[in-house]
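Shown next: work39.cif, given as mmCIF, C-alpha atoms.
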```cif
data_entry
loop_
_atom_site.label_atom_id
_atom_site.label_comp_id
_atom_site.auth_asym_id
_atom_site.auth_seq_id
_atom_site.Cartn_x
_atom_site.Cartn_y
_atom_site.Cartn_z
CA MET A 849 45.75 58.76 221.23
CA GLU A 850 47.53 55.88 222.99
CA TRP A 851 46.96 57.30 226.49
CA ILE A 852 43.19 57.58 225.93
CA GLU A 853 43.13 54.10 224.41
CA ARG A 854 44.70 52.69 227.56
CA LEU A 855 42.06 54.30 229.73
CA ASN A 856 39.30 52.85 227.56
CA ASN A 857 40.98 49.43 227.64
CA ALA A 858 40.94 49.65 231.42
CA ILE A 859 37.22 50.47 231.33
CA ALA A 860 36.65 47.44 229.09
CA TYR A 861 38.45 45.25 231.65
CA ILE A 862 36.27 46.68 234.44
CA GLU A 863 33.11 45.91 232.46
CA GLU A 864 34.22 42.31 231.95
CA HIS A 865 34.80 41.85 235.69
CA LEU A 866 31.89 43.66 237.35
CA THR A 867 30.71 40.38 238.85
CA ASP A 868 34.26 39.43 239.95
CA GLU A 869 36.70 40.90 242.42
CA VAL A 870 38.06 43.80 240.37
CA ASP A 871 41.88 43.75 240.52
CA TYR A 872 43.09 47.34 240.88
CA GLU A 873 46.70 46.39 240.11
CA GLN A 874 45.63 44.71 236.87
CA ILE A 875 43.69 47.84 235.89
CA GLY A 876 46.87 49.85 236.39
CA LYS A 877 48.88 47.42 234.28
CA ILE A 878 46.41 47.76 231.42
CA ALA A 879 46.77 51.55 231.65
CA CYS A 880 50.59 51.15 231.94
CA CYS A 881 50.85 52.84 235.34
CA SER A 882 50.45 51.99 239.01
CA SER A 883 46.96 51.43 240.39
CA TYR A 884 47.49 54.58 242.49
CA HIS A 885 48.20 56.76 239.46
CA PHE A 886 45.34 55.16 237.52
CA GLN A 887 42.88 55.97 240.30
CA ARG A 888 44.10 59.57 240.39
CA MET A 889 43.76 59.91 236.62
CA PHE A 890 40.34 58.28 236.70
CA THR A 891 39.02 60.55 239.44
CA TYR A 892 40.22 63.73 237.72
CA MET A 893 39.05 62.66 234.26
CA ALA A 894 35.73 61.09 235.27
CA GLY A 895 34.85 63.41 238.14
CA VAL A 896 34.09 60.44 240.41
CA PRO A 897 36.33 57.99 242.33
CA LEU A 898 36.89 54.59 240.78
CA SER A 899 35.21 52.75 243.67
CA GLU A 900 32.08 54.91 243.30
CA TYR A 901 32.04 54.29 239.54
CA LEU A 902 32.21 50.55 240.21
CA ARG A 903 29.35 50.83 242.70
CA ARG A 904 27.20 52.77 240.24
CA ARG A 905 27.81 50.34 237.40
CA LYS A 906 27.06 47.30 239.57
CA MET A 907 23.90 48.83 240.99
CA SER A 908 22.80 49.93 237.52
CA LEU A 909 23.03 46.34 236.27
CA ALA A 910 21.50 44.99 239.48
CA ALA A 911 18.46 47.24 238.99
CA VAL A 912 17.85 45.73 235.55
CA GLU A 913 18.00 42.22 236.97
CA LEU A 914 15.73 43.11 239.89
CA ALA A 915 13.15 44.60 237.51
CA ASP A 916 13.22 41.41 235.51
CA GLY A 917 11.91 39.68 238.62
CA THR A 918 13.29 36.19 238.00
CA GLU A 919 16.17 36.17 240.53
CA LYS A 920 16.15 36.50 244.30
CA ILE A 921 17.61 39.65 245.85
CA ILE A 922 20.20 37.64 247.78
CA ASP A 923 21.38 35.93 244.58
CA ILE A 924 21.80 39.27 242.81
CA ALA A 925 23.61 40.67 245.85
CA LEU A 926 26.06 37.75 245.82
CA LYS A 927 26.56 38.09 242.06
CA TYR A 928 27.81 41.66 242.48
CA GLY A 929 30.09 40.94 245.43
CA TYR A 930 27.86 41.68 248.43
CA SER A 931 27.91 38.88 251.01
CA SER A 932 24.98 40.23 253.01
CA PRO A 933 21.56 41.63 252.02
CA THR A 934 22.17 44.56 254.38
CA ALA A 935 25.35 45.66 252.58
CA PHE A 936 23.68 45.27 249.19
CA ASN A 937 20.61 47.19 250.34
CA ARG A 938 22.81 50.04 251.61
CA ALA A 939 24.78 50.22 248.35
CA PHE A 940 21.63 50.04 246.22
CA GLN A 941 19.88 52.79 248.15
CA SER A 942 22.98 55.01 247.97
CA VAL A 943 22.74 54.88 244.16
CA HIS A 944 19.00 54.65 243.45
CA GLY A 945 17.45 56.13 246.60
CA ILE A 946 15.09 53.17 247.04
CA ALA A 947 15.35 49.63 248.37
CA PRO A 948 15.96 46.65 246.05
CA SER A 949 12.63 45.15 247.16
CA ALA A 950 10.78 48.20 245.78
CA VAL A 951 12.28 47.61 242.34
CA LYS A 952 11.36 43.95 242.46
CA SER A 953 7.77 44.93 243.22
CA GLY A 954 7.71 47.12 240.10
CA GLY A 955 6.39 50.56 239.22
CA VAL A 956 9.35 52.61 240.46
CA SER A 957 12.07 54.64 238.74
CA VAL A 958 15.74 53.71 238.94
CA LYS A 959 18.93 55.29 237.59
CA SER A 960 21.06 54.05 234.72
CA PHE A 961 24.83 54.64 234.63
CA PRO A 962 26.30 53.54 231.30
CA PRO A 963 29.99 52.63 230.89
CA LEU A 964 32.37 55.56 230.59
CA VAL A 965 34.15 56.35 227.34
CA PHE A 966 37.18 58.63 227.49
CA LYS A 967 37.80 61.10 224.68
CA VAL A 968 40.31 63.86 224.04
CA ILE A 969 38.88 67.30 224.86
CA VAL A 970 40.89 70.32 223.80
CA LYS A 971 41.64 72.55 226.79
CA GLY A 972 44.58 74.65 227.87
CA ALA A 973 43.55 78.27 227.42
CA GLU A 974 45.27 78.93 230.76
CA GLU A 975 49.05 78.48 230.69
CA MET A 976 50.87 75.97 232.88
CA ASN A 977 54.44 76.56 234.01
CA TYR A 978 56.65 73.55 234.65
CA ARG A 979 60.18 72.25 234.42
CA ILE A 980 61.58 68.77 233.86
CA GLU A 981 64.13 67.80 236.50
CA SER A 982 66.28 64.68 236.68
CA LYS A 983 67.17 63.90 240.28
CA GLU A 984 69.31 61.25 241.88
CA ALA A 985 67.93 59.19 244.75
CA PHE A 986 67.53 61.16 247.99
CA ARG A 987 66.70 60.36 251.58
CA ILE A 988 63.77 61.71 253.55
CA VAL A 989 62.99 61.51 257.26
CA GLY A 990 59.52 62.01 258.71
CA ILE A 991 56.34 60.34 259.84
CA SER A 992 54.08 58.08 257.83
CA ALA A 993 50.60 56.59 257.91
CA PRO A 994 49.24 53.64 255.91
CA LEU A 995 46.97 54.43 252.98
CA SER A 996 44.08 52.45 251.58
CA THR A 997 44.34 51.17 248.01
CA GLU A 998 40.96 52.90 247.45
CA LEU A 999 42.07 56.53 247.31
CA GLU A 1000 38.91 58.23 248.56
CA LYS A 1001 39.23 56.38 251.88
CA ASN A 1002 42.36 58.46 252.51
CA PHE A 1003 40.67 61.86 252.28
CA ALA A 1004 40.31 62.03 256.07
CA VAL A 1005 43.69 60.44 256.86
CA VAL A 1006 46.01 63.02 255.32
CA PRO A 1007 44.45 66.27 256.69
CA THR A 1008 44.23 64.74 260.19
CA MET A 1009 47.86 63.71 259.94
CA TRP A 1010 48.94 67.27 259.06
CA GLU A 1011 46.86 68.78 261.87
CA ARG A 1012 48.44 66.44 264.41
CA ALA A 1013 51.95 67.10 263.07
CA VAL A 1014 51.45 70.85 263.51
CA SER A 1015 49.95 70.62 267.00
CA ASP A 1016 52.44 68.15 268.50
CA GLY A 1017 55.59 69.91 267.28
CA THR A 1018 56.51 67.37 264.60
CA ILE A 1019 56.66 70.01 261.85
CA GLN A 1020 59.06 72.15 263.86
CA LYS A 1021 61.33 69.17 264.60
CA LEU A 1022 61.37 68.12 260.95
CA SER A 1023 62.14 71.64 259.77
CA GLY A 1024 65.31 71.54 261.87
CA LYS A 1025 66.50 68.44 260.00
CA MET A 1026 65.93 69.80 256.48
CA ASN A 1027 69.32 70.22 254.79
CA THR A 1028 69.14 68.91 251.20
CA PRO A 1029 66.92 69.68 248.19
CA PRO A 1030 64.03 69.79 247.69
CA MET A 1031 64.02 72.43 250.43
CA GLY A 1032 60.53 72.42 251.91
CA LEU A 1033 58.11 70.31 253.88
CA LEU A 1034 57.18 67.27 251.82
CA GLY A 1035 53.81 65.57 251.51
CA MET A 1036 54.65 62.32 249.74
CA SER A 1037 52.45 59.44 248.57
CA VAL A 1038 54.49 56.24 248.30
CA CYS A 1039 52.14 53.91 246.45
CA ARG A 1040 54.01 51.27 244.51
CA ASP A 1041 52.00 48.17 243.61
CA GLY A 1042 52.90 45.15 245.69
CA GLU A 1043 53.94 47.26 248.71
CA GLN A 1044 52.10 48.83 251.63
CA TRP A 1045 50.95 52.27 250.52
CA LYS A 1046 52.06 55.11 252.80
CA TYR A 1047 51.77 58.86 253.10
CA PHE A 1048 54.78 60.73 254.48
CA ILE A 1049 55.13 64.15 256.04
CA ALA A 1050 58.86 64.57 255.80
CA VAL A 1051 61.91 66.58 254.79
CA SER A 1052 64.90 65.77 252.63
CA SER A 1053 67.79 65.25 255.03
CA THR A 1054 71.13 63.63 255.78
CA GLU A 1055 70.61 64.13 259.52
CA PRO A 1056 70.09 61.13 261.85
CA ALA A 1057 66.49 59.94 261.73
CA ASP A 1058 66.19 59.76 265.54
CA GLU A 1059 62.51 59.13 266.32
CA PHE A 1060 61.50 59.55 262.69
CA GLU A 1061 61.15 57.06 259.84
CA GLU A 1062 63.44 57.22 256.84
CA TYR A 1063 62.81 56.40 253.20
CA ILE A 1064 64.94 56.55 250.06
CA VAL A 1065 63.17 58.23 247.15
CA PRO A 1066 64.42 56.53 243.98
CA ALA A 1067 66.23 58.37 241.21
CA ALA A 1068 63.65 59.62 238.75
CA LEU A 1069 62.65 62.18 236.17
CA TRP A 1070 60.13 64.69 237.50
CA ALA A 1071 57.76 67.23 236.01
CA VAL A 1072 57.70 70.06 238.55
CA PHE A 1073 54.77 72.50 238.63
CA PRO A 1074 54.92 75.63 240.84
CA GLY A 1075 51.81 77.02 242.47
CA SER A 1076 50.40 79.09 245.29
CA GLY A 1077 47.20 79.33 247.27
CA THR A 1078 45.15 77.02 249.46
CA ASN A 1079 44.68 73.28 249.54
CA GLN A 1080 41.94 73.63 246.93
CA SER A 1081 44.38 75.28 244.54
CA ILE A 1082 46.77 72.33 244.89
CA GLN A 1083 43.98 69.92 244.02
CA LYS A 1084 43.03 72.04 241.02
CA LEU A 1085 46.63 72.09 239.81
CA GLN A 1086 46.89 68.31 240.17
CA GLU A 1087 43.68 67.90 238.20
CA ARG A 1088 44.97 70.12 235.40
CA ILE A 1089 48.26 68.21 235.27
CA VAL A 1090 46.42 64.93 234.69
CA ALA A 1091 43.61 66.18 232.46
CA GLU A 1092 45.41 68.85 230.40
CA TRP A 1093 49.19 68.49 230.55
CA LEU A 1094 49.85 64.75 230.70
CA PRO A 1095 47.84 63.59 227.63
CA THR A 1096 49.82 65.79 225.21
CA SER A 1097 53.12 66.19 227.07
CA GLY A 1098 55.10 63.35 225.54
CA TYR A 1099 55.43 61.86 229.03
CA GLU A 1100 53.55 59.33 231.12
CA TYR A 1101 53.60 58.42 234.80
CA GLY A 1102 56.83 56.99 236.19
CA ASN A 1103 57.22 54.54 239.06
CA ALA A 1104 58.08 56.92 241.88
CA PRO A 1105 56.18 58.82 244.60
CA ASP A 1106 54.03 61.87 244.02
CA ILE A 1107 55.42 64.78 246.04
CA GLU A 1108 54.04 68.10 247.22
CA VAL A 1109 56.84 70.47 248.27
CA TYR A 1110 55.63 73.23 250.59
CA LEU A 1111 58.06 76.12 250.22
CA SER A 1112 56.20 78.39 252.67
CA PRO A 1113 53.88 77.35 255.50
CA ASP A 1114 51.17 80.03 255.20
CA PRO A 1115 47.95 77.92 254.94
CA GLU A 1116 46.05 80.75 253.24
CA ASN A 1117 48.70 81.46 250.60
CA ALA A 1118 51.13 78.57 250.52
CA GLN A 1119 53.94 78.53 247.98
CA TYR A 1120 54.39 74.99 246.74
CA GLU A 1121 55.55 72.69 243.96
CA VAL A 1122 53.86 69.54 242.71
CA TRP A 1123 56.41 66.90 241.65
CA VAL A 1124 55.03 64.27 239.28
CA PRO A 1125 57.25 61.30 238.36
CA VAL A 1126 57.38 60.87 234.59
CA ILE A 1127 59.03 58.82 231.87
CA ARG A 1128 59.30 59.74 228.22
CA LYS A 1129 56.82 57.92 226.01
CA GLN A 1130 58.29 55.29 223.77
CA GLU A 1131 57.90 56.11 220.09
#
```
Take the structure in the file and give it back as structure tokens.
Amino acid sequence: MEWIERLNNAIAYIEEHLTDEVDYEQIGKIACCSSYHFQRMFTYMAGVPLSEYLRRRKMSLAAVELADGTEKIIDIALKYGYSSPTAFNRAFQSVHGIAPSAVKSGGVSVKSFPPLVFKVIVKGAEEMNYRIESKEAFRIVGISAPLSTELEKNFAVVPTMWERAVSDGTIQKLSGKMNTPPMGLLGMSVCRDGEQWKYFIAVSSTEPADEFEEYIVPAALWAVFPGSGTNQSIQKLQERIVAEWLPTSGYEYGNAPDIEVYLSPDPENAQYEVWVPVIRKQE
């Protein structure tokens, strides 16, 4: 399957550049999507963030070289992108649970993490409801925060941002400006390569922005998946979209933001929609 082949081609590129500065945008290009969407796919498919996979692979190879005993620790650290012995020691211990010097001395066990290989696994016993919606460009107003290009670094940013928006009255102010579809509070990741990545809490609106920031969401085709439940249920739905629906859907990621539309605010039983930008695969 072409989609799986692209993922494996991206892994091959990573393997060739483990001793270089791995270019996340180039990885995305090989997989024919943005680096943001590739990292999301990778995390859901592999069960580990891309940056952690890179760390494990580098430290796995470093352990082999340390056991060989012919190179200095500092030289191996520099080879795998660590400018200081302290940073290398911390990364090595996080993977192997022991210091690099212990491996060099010999007689200790280390861990091996071989390269990933993606394969098609038949799933889908549980149905997934969705619709395909073509939508013209629309304007949002809201607040934003910068995102790191390494997705797992954002795990603390987004929840804190929502908590602050609730406590300081931002959500109430934004709700008063909502007047165009999609009708709901929006959590939007704007992560186009070559631009500053941002996360928005916003609403679709034609009202004056006032103290808020505005952004024009480009015209796009969207796969829209309804859901309900807690934050964990949203994450589970997003994982199923990537791992189960996307590979066999006839679509692939488009170049537009990912959007979560919160139709009701109840944190224990939220009603929501996940909007995934898509394009039809070329035959």
I'd like the contact shell of Leu1033 in chain A - 6 Å cut-off, all atoms listed in the file, skipping same-chain residues fewer than 2 positions apart - returned as a JSON list (two decimals) with C-alpha atoms, in the coordinates of the input.
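File selection35.json, as written:
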```json
[["chain", "number", "residue", "atom", "x", "y", "z"],
["A", 1051, "VAL", "CA", 61.91, 66.58, 254.79],
["A", 1109, "VAL", "CA", 56.84, 70.47, 248.27],
["A", 1110, "TYR", "CA", 55.63, 73.23, 250.59]]
```
*Given the file shown, determine the residues that the PyMOL selection byres ((chain A and resi 939-956) around 10) selects; report them as an MDAnalysis selection string.*
chainID A and resid 900 903:908 910:921 924:925 930 933:938 957:961
*Apply the PyMOL selection byres ((chain A and resi 1101) around 9) to the displayed file and report the matching residues as a PyMOL selection string.*
chain A and resi 880-882+885+1094+1099-1100+1102-1104+1124-1128
*asked:* I'd like the neighbourhood of Thr1018 in chain A as JSON, numbers by chain, where a residue qualifies if any of its atoms comes within 10 Å (using only C-alpha atoms), though same-chain residues fewer than 5 positions away should be ignored.
replied: {"A": [990, 991, 1010, 1012, 1013, 1023, 1049, 1050, 1060]}
*If you apply the PyMOL selection byres ((chain A and resi 884) around 9) to this file, what residues do you get, as a PyMOL selection string?*
chain A and resi 872-873+876+881-883+885-889+997-999+1039-1041
Selection file, C-alpha atoms, as an mmCIF file, in the frame of the given file:
```cif
data_model
loop_
_atom_site.group_PDB
_atom_site.id
_atom_site.type_symbol
_atom_site.label_atom_id
_atom_site.label_comp_id
_atom_site.auth_asym_id
_atom_site.auth_seq_id
_atom_site.Cartn_x
_atom_site.Cartn_y
_atom_site.Cartn_z
ATOM 1 C CA TYR A 872 43.090 47.340 240.880
ATOM 2 C CA GLU A 873 46.700 46.390 240.110
ATOM 3 C CA GLY A 876 46.870 49.850 236.390
ATOM 4 C CA CYS A 881 50.850 52.840 235.340
ATOM 5 C CA SER A 882 50.450 51.990 239.010
ATOM 6 C CA SER A 883 46.960 51.430 240.390
ATOM 7 C CA HIS A 885 48.200 56.760 239.460
ATOM 8 C CA PHE A 886 45.340 55.160 237.520
ATOM 9 C CA GLN A 887 42.880 55.970 240.300
ATOM 10 C CA ARG A 888 44.100 59.570 240.390
ATOM 11 C CA MET A 889 43.760 59.910 236.620
ATOM 12 C CA THR A 997 44.340 51.170 248.010
ATOM 13 C CA GLU A 998 40.960 52.900 247.450
ATOM 14 C CA LEU A 999 42.070 56.530 247.310
ATOM 15 C CA CYS A 1039 52.140 53.910 246.450
ATOM 16 C CA ARG A 1040 54.010 51.270 244.510
ATOM 17 C CA ASP A 1041 52.000 48.170 243.610
#
```
*With all atoms listed in the file as the basis for distance, which of A:Asp871, A:Glu1092, A:Glu1011, A:Glu1059 is at the shortest distance from Glu974 in chain A?*
A:Glu1092
*Please identify all polymer residues within 10 Å of Tyr978 in chain A, counting all atoms listed in the file, omitting same-chain residues fewer than 6 positions from it, and present them as a ChimeraX atom specification.*
/A:1070-1075,1089,1093,1121-1123
*Find the residues around Ala894 in chain A up to 12 Å (all atoms listed in the file counted), leave out those fewer than 4 positions away in its own chain, and share them as a PyMOL selection string.*
chain A and resi 855-856+859+886-890+898-901+963-967+1087+1090-1091
Since we have the selection now, will you write its residues out, keeping C-alpha atoms, as a tab-separated table (two decimals), in the coordinates of the input?
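Output below, filename selection.tsv:
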```tsv
chain	number	residue	atom	x	y	z
A	855	LEU	CA	42.06	54.30	229.73
A	856	ASN	CA	39.30	52.85	227.56
A	859	ILE	CA	37.22	50.47	231.33
A	886	PHE	CA	45.34	55.16	237.52
A	887	GLN	CA	42.88	55.97	240.30
A	888	ARG	CA	44.10	59.57	240.39
A	889	MET	CA	43.76	59.91	236.62
A	890	PHE	CA	40.34	58.28	236.70
A	898	LEU	CA	36.89	54.59	240.78
A	899	SER	CA	35.21	52.75	243.67
A	900	GLU	CA	32.08	54.91	243.30
A	901	TYR	CA	32.04	54.29	239.54
A	963	PRO	CA	29.99	52.63	230.89
A	964	LEU	CA	32.37	55.56	230.59
A	965	VAL	CA	34.15	56.35	227.34
A	966	PHE	CA	37.18	58.63	227.49
A	967	LYS	CA	37.80	61.10	224.68
A	1087	GLU	CA	43.68	67.90	238.20
A	1090	VAL	CA	46.42	64.93	234.69
A	1091	ALA	CA	43.61	66.18	232.46
```
